[in-house]
Amino acid sequence: MKPILHAKNISKTYGKKGTAAYTAVRDLSFSMNEGEFIGIMGPSGSGKTTLLNMVATLDPVTEGDITIDGVSVSAMTEDQLSDFRAERLGFIFQDFNLLESMTVFENIALPLSLRNAEVEEIQDRVLQVSGIIGIGELLENYPAELSGGQKQRAAIARALIHEPALLLADEPTGALDSRNAETLLDTLAELNAVRNVSILMVTHDPRSASYCSRVLFIKDGKLDRELVPSGTREAFHQEILTVLGDLDRRSGAGGRA
Ligand SMILES: Nc1ncnc2c1ncn2[C@@H]1O[C@H](COP(=O)(O)OP(=O)(O)OP(=O)(O)O)[C@@H](O)[C@H]1O
Ligand SMILES: [Mg+2]
């Protein structure tokens, strides 16, 4: 199996050392192989978004090192990071982040347009990816004419157009009703299973997490434990609920050191 991501003893401290410094992620390590679909869960404020933003190279680590697709990103300059993100990473967000003044086609094409790809290549790739994601009929529409579920599909197509090594998602179903959320998760799970897309997804939602091949639980900025499914999706859902309940109870009793 090919390793796609390795976070080694990473920490993130906000604020100046000493005065009101706050460590949101603390000495955390984990690895991810190509083709995994990993969920990150944990109580509010436990450091999930901080962790994802460090992996996304949007926020530098305070300590430790992150390697993505064989490249150590911790020592890169801003320019190198911006190229790296554009080439190797795909992003989907809770609020879709589509550009309203562009058609769906233009939105999906954006990562390729920005790197001045040939018009023909762009055309081919947009048709191919939008077909896979099931929004081929909507390419001439504007985002305002789409449902939430359709918008998020367009966002996934845009995130995958350049065949990134890693797809990063922060609460991708957060703005969707349960039916659209389920359709979206089916799509992510299929992209993962059939096309081997590696996905790292932060979610509050135990049902969303039950689609993952592994779930990491973060508590107080540290990796608390991980779960892998052993039976049905529903059984995994129940196990996730149990772990979350346990984390909540311990938060109530202890709190942050
Ligand atoms: N830029 C920042 N400056 C200072 N503190 C921050 C900053 N960003 C996050 N924090 C703090 O770090 C901790 C972790 O925040 P983070 O956003 O990673 O949590 P989260 O697990 O994503 O929470 P949620 O589930 O509510 O989205 C929180 O206590 C937060 O207040
Ligand atoms: Mg968050």
# chains A, B, ... in the order shown; residues from 1 in each chain; ligands from 1

call {"tool": "residues_around", "arguments": {"residues": "stretch 240-246 of chain A", "least_positions_apart": "2", "cutoff": "8 Å", "atoms": "only C-alpha atoms", "output": "list in words"}}
result
Gly42, Pro43, Pro206, Ala209, Ser210, Leu227, Phe236, His237, Gln238, Asp248, Arg249 and Arg250 of chain A

call {"tool": "select_by_dssp", "arguments": {"residues": "stretch 45-88 of chain A", "states": "alpha helix (DSSP H)", "output": "PyMOL selection string"}}
result
chain A and resi 48-55+78-88

call {"tool": "residues_around", "arguments": {"residues": "A:Gly90", "least_positions_apart": "3", "cutoff": "10 Å", "atoms": "only C-alpha atoms", "output": "list in words"}}
result
Ala56, Arg85, Ala86, Glu87, Pro111, Ala155, Ile156, Ala157, Arg158, Ala159, Leu160, Ile161, His162, Glu163, Pro164, Ala165, Leu166, Leu167, Leu168, Ala169 and Ile199 of chain A

call {"tool": "write_last_selection", "arguments": {"atoms": "N, CA and C atoms", "output": "PDB file, in the first residue's frame"}}
result
ATOM      1  N   ALA A  56      -3.990  20.516   5.055  1.00  0.00           N
ATOM      2  CA  ALA A  56      -4.299  21.247   3.825  1.00  0.00           C
ATOM      3  C   ALA A  56      -3.201  22.238   3.454  1.00  0.00           C
ATOM      4  N   ARG A  85      -0.708  22.835  -3.355  1.00  0.00           N
ATOM      5  CA  ARG A  85      -2.159  22.708  -3.140  1.00  0.00           C
ATOM      6  C   ARG A  85      -2.897  22.600  -4.466  1.00  0.00           C
ATOM      7  N   ALA A  86      -2.523  23.464  -5.404  1.00  0.00           N
ATOM      8  CA  ALA A  86      -3.230  23.492  -6.691  1.00  0.00           C
ATOM      9  C   ALA A  86      -3.043  22.190  -7.460  1.00  0.00           C
ATOM     10  N   GLU A  87      -1.909  21.522  -7.260  1.00  0.00           N
ATOM     11  CA  GLU A  87      -1.642  20.304  -8.029  1.00  0.00           C
ATOM     12  C   GLU A  87      -2.079  19.033  -7.324  1.00  0.00           C
ATOM     13  N   PRO A 111      -9.709  24.812 -11.555  1.00  0.00           N
ATOM     14  CA  PRO A 111      -8.339  24.395 -11.224  1.00  0.00           C
ATOM     15  C   PRO A 111      -7.477  24.158 -12.469  1.00  0.00           C
ATOM     16  N   ALA A 155     -19.082  21.034  -6.528  1.00  0.00           N
ATOM     17  CA  ALA A 155     -17.853  21.301  -5.765  1.00  0.00           C
ATOM     18  C   ALA A 155     -16.943  20.073  -5.753  1.00  0.00           C
ATOM     19  N   ILE A 156     -17.539  18.888  -5.669  1.00  0.00           N
ATOM     20  CA  ILE A 156     -16.721  17.670  -5.701  1.00  0.00           C
ATOM     21  C   ILE A 156     -16.064  17.519  -7.069  1.00  0.00           C
ATOM     22  N   ALA A 157     -16.840  17.791  -8.127  1.00  0.00           N
ATOM     23  CA  ALA A 157     -16.263  17.697  -9.475  1.00  0.00           C
ATOM     24  C   ALA A 157     -15.077  18.649  -9.605  1.00  0.00           C
ATOM     25  N   ARG A 158     -15.242  19.866  -9.087  1.00  0.00           N
ATOM     26  CA  ARG A 158     -14.147  20.833  -9.147  1.00  0.00           C
ATOM     27  C   ARG A 158     -12.936  20.337  -8.342  1.00  0.00           C
ATOM     28  N   ALA A 159     -13.214  19.724  -7.195  1.00  0.00           N
ATOM     29  CA  ALA A 159     -12.112  19.253  -6.338  1.00  0.00           C
ATOM     30  C   ALA A 159     -11.349  18.098  -6.977  1.00  0.00           C
ATOM     31  N   LEU A 160     -12.015  17.381  -7.906  1.00  0.00           N
ATOM     32  CA  LEU A 160     -11.378  16.181  -8.471  1.00  0.00           C
ATOM     33  C   LEU A 160     -10.856  16.363  -9.886  1.00  0.00           C
ATOM     34  N   ILE A 161     -11.141  17.514 -10.488  1.00  0.00           N
ATOM     35  CA  ILE A 161     -10.847  17.706 -11.915  1.00  0.00           C
ATOM     36  C   ILE A 161      -9.367  17.505 -12.236  1.00  0.00           C
ATOM     37  N   HIS A 162      -8.502  17.861 -11.299  1.00  0.00           N
ATOM     38  CA  HIS A 162      -7.059  17.770 -11.550  1.00  0.00           C
ATOM     39  C   HIS A 162      -6.463  16.505 -10.932  1.00  0.00           C
ATOM     40  N   GLU A 163      -7.327  15.548 -10.596  1.00  0.00           N
ATOM     41  CA  GLU A 163      -6.892  14.264 -10.027  1.00  0.00           C
ATOM     42  C   GLU A 163      -5.925  14.437  -8.867  1.00  0.00           C
ATOM     43  N   PRO A 164      -6.406  15.067  -7.781  1.00  0.00           N
ATOM     44  CA  PRO A 164      -5.524  15.314  -6.640  1.00  0.00           C
ATOM     45  C   PRO A 164      -5.137  14.016  -5.937  1.00  0.00           C
ATOM     46  N   ALA A 165      -4.012  14.056  -5.236  1.00  0.00           N
ATOM     47  CA  ALA A 165      -3.564  12.892  -4.471  1.00  0.00           C
ATOM     48  C   ALA A 165      -4.467  12.664  -3.264  1.00  0.00           C
ATOM     49  N   LEU A 166      -5.055  13.756  -2.767  1.00  0.00           N
ATOM     50  CA  LEU A 166      -5.812  13.680  -1.516  1.00  0.00           C
ATOM     51  C   LEU A 166      -6.969  14.670  -1.574  1.00  0.00           C
ATOM     52  N   LEU A 167      -8.168  14.173  -1.228  1.00  0.00           N
ATOM     53  CA  LEU A 167      -9.355  15.033  -1.165  1.00  0.00           C
ATOM     54  C   LEU A 167      -9.640  15.354   0.302  1.00  0.00           C
ATOM     55  N   LEU A 168      -9.687  16.640   0.628  1.00  0.00           N
ATOM     56  CA  LEU A 168      -9.914  17.078   2.005  1.00  0.00           C
ATOM     57  C   LEU A 168     -11.289  17.707   2.117  1.00  0.00           C
ATOM     58  N   ALA A 169     -12.036  17.325   3.156  1.00  0.00           N
ATOM     59  CA  ALA A 169     -13.409  17.818   3.284  1.00  0.00           C
ATOM     60  C   ALA A 169     -13.680  18.202   4.735  1.00  0.00           C
ATOM     61  N   ILE A 199      -9.593  10.088   0.769  1.00  0.00           N
ATOM     62  CA  ILE A 199     -10.425  11.167   1.327  1.00  0.00           C
ATOM     63  C   ILE A 199     -10.184  11.303   2.832  1.00  0.00           C
TER      64      ILE A 199
END

call {"tool": "closest_atom_pairs", "arguments": {"of": "chain A", "to": "ligand 2", "cutoff": "7 Å", "atoms": "only C-alpha atoms and all ligand atoms", "output": "JSON lines"}}
result
{"residue": "A:Ser44", "atom": "CA", "partner": "ligand 2", "partner_atom_place_in_ligand_line": "1 (Mg)", "distance": 7.0}
{"residue": "A:Lys48", "atom": "CA", "partner": "ligand 2", "partner_atom_place_in_ligand_line": "1 (Mg)", "distance": 5.5}
{"residue": "A:Thr49", "atom": "CA", "partner": "ligand 2", "partner_atom_place_in_ligand_line": "1 (Mg)", "distance": 4.1}

call {"tool": "residues_near_ligand", "arguments": {"ligand": "ligand 1", "cutoff": "12 Å", "atoms": "only C-alpha atoms and all ligand atoms", "output": "ChimeraX atom specification"}}
result
/A:11-16,20-26,40-54,58-60,94,170-171,174,201-205,217-223,255-256

call {"tool": "write_last_selection", "arguments": {"atoms": "N, CA and C atoms", "output": "compact mmCIF listing (two decimals), in the first residue's frame"}}
result
# COMPACT_ATOMS: atom_id res chain seq x y z
N SER A 11 2.05 19.57 16.29
CA SER A 11 1.38 20.40 17.29
C SER A 11 1.05 21.74 16.66
N LYS A 12 -0.01 22.36 17.17
CA LYS A 12 -0.34 23.72 16.75
C LYS A 12 -0.63 24.56 17.98
N THR A 13 0.17 25.58 18.17
CA THR A 13 -0.06 26.51 19.27
C THR A 13 -0.42 27.87 18.69
N TYR A 14 -1.57 28.37 19.08
CA TYR A 14 -1.99 29.70 18.64
C TYR A 14 -1.50 30.74 19.63
N GLY A 15 -1.18 31.90 19.14
CA GLY A 15 -0.75 32.99 20.02
C GLY A 15 0.72 32.87 20.35
N LYS A 16 1.24 33.92 20.94
CA LYS A 16 2.66 33.96 21.30
C LYS A 16 2.94 32.97 22.42
N ALA A 20 -0.98 33.83 26.92
CA ALA A 20 -2.22 33.34 26.35
C ALA A 20 -2.03 32.38 25.17
N ALA A 21 -0.91 31.64 25.16
CA ALA A 21 -0.72 30.65 24.11
C ALA A 21 -1.73 29.52 24.31
N TYR A 22 -2.19 28.98 23.19
CA TYR A 22 -3.19 27.94 23.29
C TYR A 22 -2.85 26.82 22.33
N THR A 23 -2.64 25.62 22.87
CA THR A 23 -2.26 24.49 22.02
C THR A 23 -3.50 23.73 21.60
N ALA A 24 -3.87 23.87 20.32
CA ALA A 24 -5.11 23.27 19.81
C ALA A 24 -4.90 21.84 19.33
N VAL A 25 -3.68 21.54 18.86
CA VAL A 25 -3.33 20.16 18.48
C VAL A 25 -1.99 19.86 19.14
N ARG A 26 -1.93 18.68 19.75
CA ARG A 26 -0.79 18.39 20.63
C ARG A 26 -0.14 17.05 20.28
N ILE A 40 -12.56 12.27 10.63
CA ILE A 40 -12.04 12.85 11.87
C ILE A 40 -13.22 13.36 12.67
N MET A 41 -13.36 12.84 13.88
CA MET A 41 -14.46 13.25 14.75
C MET A 41 -13.91 13.70 16.10
N GLY A 42 -14.76 14.34 16.88
CA GLY A 42 -14.36 14.77 18.21
C GLY A 42 -15.23 15.93 18.64
N PRO A 43 -15.25 16.21 19.93
CA PRO A 43 -16.10 17.30 20.43
C PRO A 43 -15.75 18.64 19.81
N SER A 44 -16.67 19.59 19.88
CA SER A 44 -16.41 20.94 19.39
C SER A 44 -15.20 21.52 20.11
N GLY A 45 -14.29 22.10 19.34
CA GLY A 45 -13.09 22.70 19.94
C GLY A 45 -11.96 21.71 20.18
N SER A 46 -12.13 20.46 19.76
CA SER A 46 -11.09 19.45 20.03
C SER A 46 -9.90 19.57 19.09
N GLY A 47 -10.04 20.36 18.00
CA GLY A 47 -8.88 20.59 17.13
C GLY A 47 -9.01 19.98 15.74
N LYS A 48 -10.23 19.58 15.34
CA LYS A 48 -10.42 18.90 14.05
C LYS A 48 -10.08 19.81 12.87
N THR A 49 -10.66 21.01 12.88
CA THR A 49 -10.41 21.93 11.76
C THR A 49 -8.95 22.37 11.75
N THR A 50 -8.39 22.59 12.94
CA THR A 50 -6.97 22.94 13.03
C THR A 50 -6.12 21.85 12.38
N LEU A 51 -6.44 20.61 12.68
CA LEU A 51 -5.70 19.48 12.11
C LEU A 51 -5.86 19.46 10.59
N LEU A 52 -7.11 19.58 10.12
CA LEU A 52 -7.34 19.53 8.67
C LEU A 52 -6.62 20.68 7.96
N ASN A 53 -6.64 21.87 8.57
CA ASN A 53 -5.98 23.03 7.95
C ASN A 53 -4.46 22.85 7.87
N MET A 54 -3.90 22.14 8.83
CA MET A 54 -2.46 21.87 8.74
C MET A 54 -2.17 20.88 7.62
N LEU A 58 -2.72 24.99 4.76
CA LEU A 58 -3.23 26.36 4.87
C LEU A 58 -2.71 27.01 6.14
N ASP A 59 -2.31 26.19 7.09
CA ASP A 59 -1.89 26.66 8.40
C ASP A 59 -0.61 25.89 8.77
N PRO A 60 0.50 26.56 9.08
CA PRO A 60 1.74 25.81 9.36
C PRO A 60 1.69 25.11 10.72
N GLN A 94 -18.14 23.01 3.70
CA GLN A 94 -19.55 22.98 4.09
C GLN A 94 -20.41 23.87 3.21
N ASP A 170 -14.15 19.43 4.95
CA ASP A 170 -14.52 19.86 6.31
C ASP A 170 -16.04 19.98 6.36
N GLU A 171 -16.68 19.06 7.03
CA GLU A 171 -18.15 19.05 7.18
C GLU A 171 -18.87 19.17 5.83
N GLY A 174 -22.61 19.37 6.03
CA GLY A 174 -23.15 20.24 7.09
C GLY A 174 -24.31 21.11 6.64
N MET A 201 -11.94 13.42 5.86
CA MET A 201 -13.17 14.19 6.07
C MET A 201 -13.41 14.47 7.55
N VAL A 202 -13.51 15.75 7.89
CA VAL A 202 -13.93 16.13 9.24
C VAL A 202 -15.45 16.14 9.27
N THR A 203 -16.02 15.51 10.29
CA THR A 203 -17.48 15.55 10.40
C THR A 203 -17.94 15.47 11.85
N HIS A 204 -19.04 16.17 12.12
CA HIS A 204 -19.72 16.06 13.41
C HIS A 204 -20.69 14.88 13.41
N ASP A 205 -21.02 14.45 12.20
CA ASP A 205 -22.20 13.61 12.03
C ASP A 205 -21.83 12.12 12.02
N PHE A 217 -10.64 9.67 16.38
CA PHE A 217 -11.33 10.51 17.36
C PHE A 217 -10.31 11.40 18.06
N ILE A 218 -10.57 12.70 17.99
CA ILE A 218 -9.66 13.67 18.59
C ILE A 218 -10.31 14.20 19.87
N LYS A 219 -9.51 14.30 20.91
CA LYS A 219 -10.01 14.90 22.15
C LYS A 219 -8.91 15.80 22.71
N ASP A 220 -9.26 17.03 23.00
CA ASP A 220 -8.29 18.00 23.53
C ASP A 220 -7.01 18.04 22.70
N GLY A 221 -7.18 18.02 21.38
CA GLY A 221 -6.03 18.16 20.50
C GLY A 221 -5.17 16.92 20.35
N LYS A 222 -5.59 15.83 20.98
CA LYS A 222 -4.81 14.59 20.88
C LYS A 222 -5.64 13.50 20.24
N LEU A 223 -4.93 12.56 19.60
CA LEU A 223 -5.62 11.40 19.05
C LEU A 223 -6.03 10.52 20.22
N GLY A 255 -11.97 17.82 31.33
CA GLY A 255 -11.64 19.10 30.72
C GLY A 255 -10.18 19.09 30.31
N ARG A 256 -9.77 20.21 29.78
CA ARG A 256 -8.44 20.30 29.15
C ARG A 256 -7.34 20.48 30.18

call {"tool": "residues_around", "arguments": {"residues": "A:Val73", "least_positions_apart": "2", "cutoff": "10 Å", "atoms": "only C-alpha atoms", "output": "ChimeraX atom specification"}}
result
/A:54-57,60-61,65-71,75-77,80-81,84

call {"tool": "write_last_selection", "arguments": {"atoms": "all heavy atoms", "output": "short mmCIF file (atom, residue, chain, number, x, y, z; two decimals), in the first residue's frame"}}
result
data_model
loop_
_atom_site.label_atom_id
_atom_site.label_comp_id
_atom_site.auth_asym_id
_atom_site.auth_seq_id
_atom_site.Cartn_x
_atom_site.Cartn_y
_atom_site.Cartn_z
N MET A 54 -3.90 22.14 8.83
CA MET A 54 -2.46 21.87 8.74
C MET A 54 -2.17 20.88 7.62
O MET A 54 -1.23 21.07 6.85
CB MET A 54 -1.94 21.35 10.09
CG MET A 54 -1.88 22.44 11.15
SD MET A 54 -0.93 21.93 12.61
CE MET A 54 -2.07 20.80 13.41
N VAL A 55 -3.01 19.84 7.52
CA VAL A 55 -2.83 18.87 6.43
C VAL A 55 -3.05 19.56 5.08
O VAL A 55 -2.38 19.27 4.10
CB VAL A 55 -3.78 17.67 6.60
CG1 VAL A 55 -3.74 16.78 5.36
CG2 VAL A 55 -3.43 16.87 7.84
N ALA A 56 -3.99 20.52 5.06
CA ALA A 56 -4.30 21.25 3.82
C ALA A 56 -3.20 22.24 3.45
O ALA A 56 -3.28 22.90 2.42
CB ALA A 56 -5.63 21.98 3.99
N THR A 57 -2.20 22.35 4.30
CA THR A 57 -1.08 23.29 4.16
C THR A 57 -1.53 24.75 4.19
O THR A 57 -0.85 25.64 3.71
CB THR A 57 -0.21 23.05 2.88
OG1 THR A 57 -0.87 23.59 1.75
CG2 THR A 57 0.08 21.57 2.67
N PRO A 60 0.50 26.56 9.08
CA PRO A 60 1.74 25.81 9.36
C PRO A 60 1.69 25.11 10.72
O PRO A 60 1.02 25.58 11.64
CB PRO A 60 2.81 26.90 9.36
CG PRO A 60 2.09 28.17 9.69
CD PRO A 60 0.69 28.02 9.16
N VAL A 61 2.39 23.98 10.81
CA VAL A 61 2.50 23.31 12.11
C VAL A 61 3.44 24.13 12.99
O VAL A 61 4.33 24.81 12.49
CB VAL A 61 3.06 21.86 11.97
CG1 VAL A 61 2.15 21.01 11.10
CG2 VAL A 61 4.47 21.85 11.42
N ASP A 65 6.03 17.32 11.65
CA ASP A 65 6.23 17.33 10.19
C ASP A 65 5.07 16.62 9.50
O ASP A 65 4.54 15.63 10.02
CB ASP A 65 7.55 16.62 9.87
CG ASP A 65 7.89 16.75 8.40
OD1 ASP A 65 7.96 17.89 7.91
OD2 ASP A 65 8.04 15.70 7.74
N ILE A 66 4.70 17.13 8.34
CA ILE A 66 3.65 16.50 7.54
C ILE A 66 4.20 16.15 6.16
O ILE A 66 4.79 17.01 5.49
CB ILE A 66 2.42 17.43 7.40
CG1 ILE A 66 1.78 17.65 8.76
CG2 ILE A 66 1.41 16.85 6.41
CD1 ILE A 66 0.60 18.61 8.75
N THR A 67 4.03 14.89 5.77
CA THR A 67 4.44 14.45 4.44
C THR A 67 3.19 14.05 3.67
O THR A 67 2.38 13.26 4.16
CB THR A 67 5.39 13.23 4.53
OG1 THR A 67 6.51 13.61 5.33
CG2 THR A 67 5.88 12.80 3.16
N ILE A 68 3.02 14.60 2.47
CA ILE A 68 1.88 14.27 1.63
C ILE A 68 2.39 13.78 0.29
O ILE A 68 3.19 14.48 -0.36
CB ILE A 68 0.95 15.49 1.41
CG1 ILE A 68 0.45 16.03 2.75
CG2 ILE A 68 -0.23 15.11 0.51
CD1 ILE A 68 -0.31 17.34 2.63
N ASP A 69 1.96 12.59 -0.10
CA ASP A 69 2.35 12.02 -1.40
C ASP A 69 3.88 12.06 -1.56
O ASP A 69 4.40 12.42 -2.63
CB ASP A 69 1.66 12.82 -2.52
CG ASP A 69 1.55 12.01 -3.81
OD1 ASP A 69 1.71 10.78 -3.75
OD2 ASP A 69 1.32 12.64 -4.87
N GLY A 70 4.57 11.74 -0.47
CA GLY A 70 6.03 11.64 -0.52
C GLY A 70 6.79 12.94 -0.36
O GLY A 70 8.02 12.95 -0.38
N VAL A 71 6.06 14.05 -0.19
CA VAL A 71 6.73 15.35 -0.10
C VAL A 71 6.52 15.95 1.28
O VAL A 71 5.38 16.04 1.77
CB VAL A 71 6.14 16.33 -1.15
CG1 VAL A 71 6.87 17.66 -1.10
CG2 VAL A 71 6.21 15.73 -2.54
N ALA A 75 8.54 22.34 5.30
CA ALA A 75 9.65 23.26 5.03
C ALA A 75 9.43 24.09 3.77
O ALA A 75 10.32 24.84 3.36
CB ALA A 75 10.94 22.46 4.92
N MET A 76 8.26 23.99 3.15
CA MET A 76 8.04 24.69 1.88
C MET A 76 7.75 26.18 2.08
O MET A 76 7.22 26.59 3.10
CB MET A 76 6.84 24.10 1.15
CG MET A 76 7.11 22.78 0.49
SD MET A 76 5.67 22.40 -0.52
CE MET A 76 6.04 20.73 -0.97
N THR A 77 8.09 26.98 1.07
CA THR A 77 7.74 28.40 1.09
C THR A 77 6.26 28.57 0.71
O THR A 77 5.63 27.63 0.21
CB THR A 77 8.56 29.18 0.04
OG1 THR A 77 8.19 28.69 -1.26
CG2 THR A 77 10.06 28.98 0.25
N GLN A 80 5.67 27.74 -2.96
CA GLN A 80 5.71 26.29 -3.21
C GLN A 80 4.42 25.63 -2.70
O GLN A 80 3.87 24.75 -3.35
CB GLN A 80 6.92 25.67 -2.48
CG GLN A 80 8.25 26.02 -3.13
CD GLN A 80 9.43 25.56 -2.28
OE1 GLN A 80 9.37 25.59 -1.04
NE2 GLN A 80 10.50 25.14 -2.93
N LEU A 81 3.95 26.09 -1.54
CA LEU A 81 2.74 25.50 -0.97
C LEU A 81 1.53 25.77 -1.86
O LEU A 81 0.68 24.91 -2.05
CB LEU A 81 2.47 26.07 0.44
CG LEU A 81 3.40 25.54 1.53
CD1 LEU A 81 3.10 26.26 2.84
CD2 LEU A 81 3.25 24.04 1.70
N PHE A 84 1.71 23.48 -4.67
CA PHE A 84 1.46 22.12 -4.19
C PHE A 84 -0.05 21.88 -3.99
O PHE A 84 -0.59 20.87 -4.42
CB PHE A 84 2.20 21.91 -2.86
CG PHE A 84 2.03 20.53 -2.29
CD1 PHE A 84 2.83 19.49 -2.73
CD2 PHE A 84 1.06 20.27 -1.33
CE1 PHE A 84 2.67 18.21 -2.21
CE2 PHE A 84 0.89 19.00 -0.82
CZ PHE A 84 1.69 17.96 -1.26
#

call {"tool": "residues_around", "arguments": {"residues": "stretch 95-102 of chain A", "least_positions_apart": "4", "cutoff": "6 Å", "atoms": "only C-alpha atoms", "output": "ChimeraX atom specification"}}
result
/A:106,143,152,155

call {"tool": "select_by_dssp", "arguments": {"residues": "stretch 26-150 of chain A", "states": "strand (DSSP E)", "output": "PyMOL selection string"}}
result
chain A and resi 26-33+37-41+63-68+71-72+89-93

call {"tool": "residues_around", "arguments": {"residues": "A:Val104", "least_positions_apart": "5", "cutoff": "7 Å", "atoms": "only C-alpha atoms", "output": "NGL selection string"}}
result
:A and (138-143 or 154)

call {"tool": "write_last_selection", "arguments": {"atoms": "all heavy atoms", "output": "PDB file, in the first residue's frame"}}
result
ATOM      1  N   LEU A 138     -26.111  19.809 -15.896  1.00  0.00           N
ATOM      2  CA  LEU A 138     -26.212  21.128 -15.249  1.00  0.00           C
ATOM      3  C   LEU A 138     -25.064  22.060 -15.586  1.00  0.00           C
ATOM      4  O   LEU A 138     -24.917  23.130 -14.991  1.00  0.00           O
ATOM      5  CB  LEU A 138     -26.253  20.938 -13.721  1.00  0.00           C
ATOM      6  CG  LEU A 138     -27.445  20.136 -13.211  1.00  0.00           C
ATOM      7  CD1 LEU A 138     -27.256  19.782 -11.738  1.00  0.00           C
ATOM      8  CD2 LEU A 138     -28.732  20.929 -13.403  1.00  0.00           C
ATOM      9  N   LEU A 139     -24.253  21.685 -16.552  1.00  0.00           N
ATOM     10  CA  LEU A 139     -23.005  22.417 -16.781  1.00  0.00           C
ATOM     11  C   LEU A 139     -23.205  23.867 -17.190  1.00  0.00           C
ATOM     12  O   LEU A 139     -22.378  24.724 -16.898  1.00  0.00           O
ATOM     13  CB  LEU A 139     -22.146  21.686 -17.821  1.00  0.00           C
ATOM     14  CG  LEU A 139     -21.622  20.329 -17.365  1.00  0.00           C
ATOM     15  CD1 LEU A 139     -20.865  19.636 -18.493  1.00  0.00           C
ATOM     16  CD2 LEU A 139     -20.719  20.484 -16.144  1.00  0.00           C
ATOM     17  N   GLU A 140     -24.324  24.164 -17.881  1.00  0.00           N
ATOM     18  CA  GLU A 140     -24.552  25.542 -18.335  1.00  0.00           C
ATOM     19  C   GLU A 140     -25.311  26.372 -17.302  1.00  0.00           C
ATOM     20  O   GLU A 140     -25.551  27.556 -17.494  1.00  0.00           O
ATOM     21  CB  GLU A 140     -25.305  25.552 -19.676  1.00  0.00           C
ATOM     22  CG  GLU A 140     -24.535  24.869 -20.808  1.00  0.00           C
ATOM     23  CD  GLU A 140     -23.077  25.317 -20.891  1.00  0.00           C
ATOM     24  OE1 GLU A 140     -22.815  26.533 -20.765  1.00  0.00           O
ATOM     25  OE2 GLU A 140     -22.205  24.443 -21.041  1.00  0.00           O
ATOM     26  N   ASN A 141     -25.701  25.751 -16.195  1.00  0.00           N
ATOM     27  CA  ASN A 141     -26.438  26.487 -15.164  1.00  0.00           C
ATOM     28  C   ASN A 141     -25.476  27.268 -14.269  1.00  0.00           C
ATOM     29  O   ASN A 141     -24.285  26.979 -14.207  1.00  0.00           O
ATOM     30  CB  ASN A 141     -27.241  25.527 -14.289  1.00  0.00           C
ATOM     31  CG  ASN A 141     -28.414  24.930 -15.038  1.00  0.00           C
ATOM     32  OD1 ASN A 141     -28.258  24.036 -15.860  1.00  0.00           O
ATOM     33  ND2 ASN A 141     -29.592  25.454 -14.759  1.00  0.00           N
ATOM     34  N   TYR A 142     -26.061  28.232 -13.550  1.00  0.00           N
ATOM     35  CA  TYR A 142     -25.294  28.979 -12.549  1.00  0.00           C
ATOM     36  C   TYR A 142     -25.581  28.380 -11.172  1.00  0.00           C
ATOM     37  O   TYR A 142     -26.654  27.809 -10.951  1.00  0.00           O
ATOM     38  CB  TYR A 142     -25.678  30.462 -12.604  1.00  0.00           C
ATOM     39  CG  TYR A 142     -25.076  31.141 -13.818  1.00  0.00           C
ATOM     40  CD1 TYR A 142     -25.742  31.125 -15.041  1.00  0.00           C
ATOM     41  CD2 TYR A 142     -23.819  31.742 -13.750  1.00  0.00           C
ATOM     42  CE1 TYR A 142     -25.182  31.706 -16.170  1.00  0.00           C
ATOM     43  CE2 TYR A 142     -23.247  32.313 -14.874  1.00  0.00           C
ATOM     44  CZ  TYR A 142     -23.930  32.302 -16.076  1.00  0.00           C
ATOM     45  OH  TYR A 142     -23.350  32.857 -17.184  1.00  0.00           O
ATOM     46  N   PRO A 143     -24.657  28.528 -10.225  1.00  0.00           N
ATOM     47  CA  PRO A 143     -24.844  27.938  -8.907  1.00  0.00           C
ATOM     48  C   PRO A 143     -26.189  28.300  -8.261  1.00  0.00           C
ATOM     49  O   PRO A 143     -26.818  27.454  -7.615  1.00  0.00           O
ATOM     50  CB  PRO A 143     -23.670  28.502  -8.100  1.00  0.00           C
ATOM     51  CG  PRO A 143     -22.591  28.681  -9.112  1.00  0.00           C
ATOM     52  CD  PRO A 143     -23.305  29.121 -10.367  1.00  0.00           C
ATOM     53  N   ALA A 154     -21.190  19.686  -7.684  1.00  0.00           N
ATOM     54  CA  ALA A 154     -20.345  20.526  -8.548  1.00  0.00           C
ATOM     55  C   ALA A 154     -19.010  20.794  -7.844  1.00  0.00           C
ATOM     56  O   ALA A 154     -17.939  20.762  -8.464  1.00  0.00           O
ATOM     57  CB  ALA A 154     -21.051  21.836  -8.873  1.00  0.00           C
TER      58      ALA A 154
END
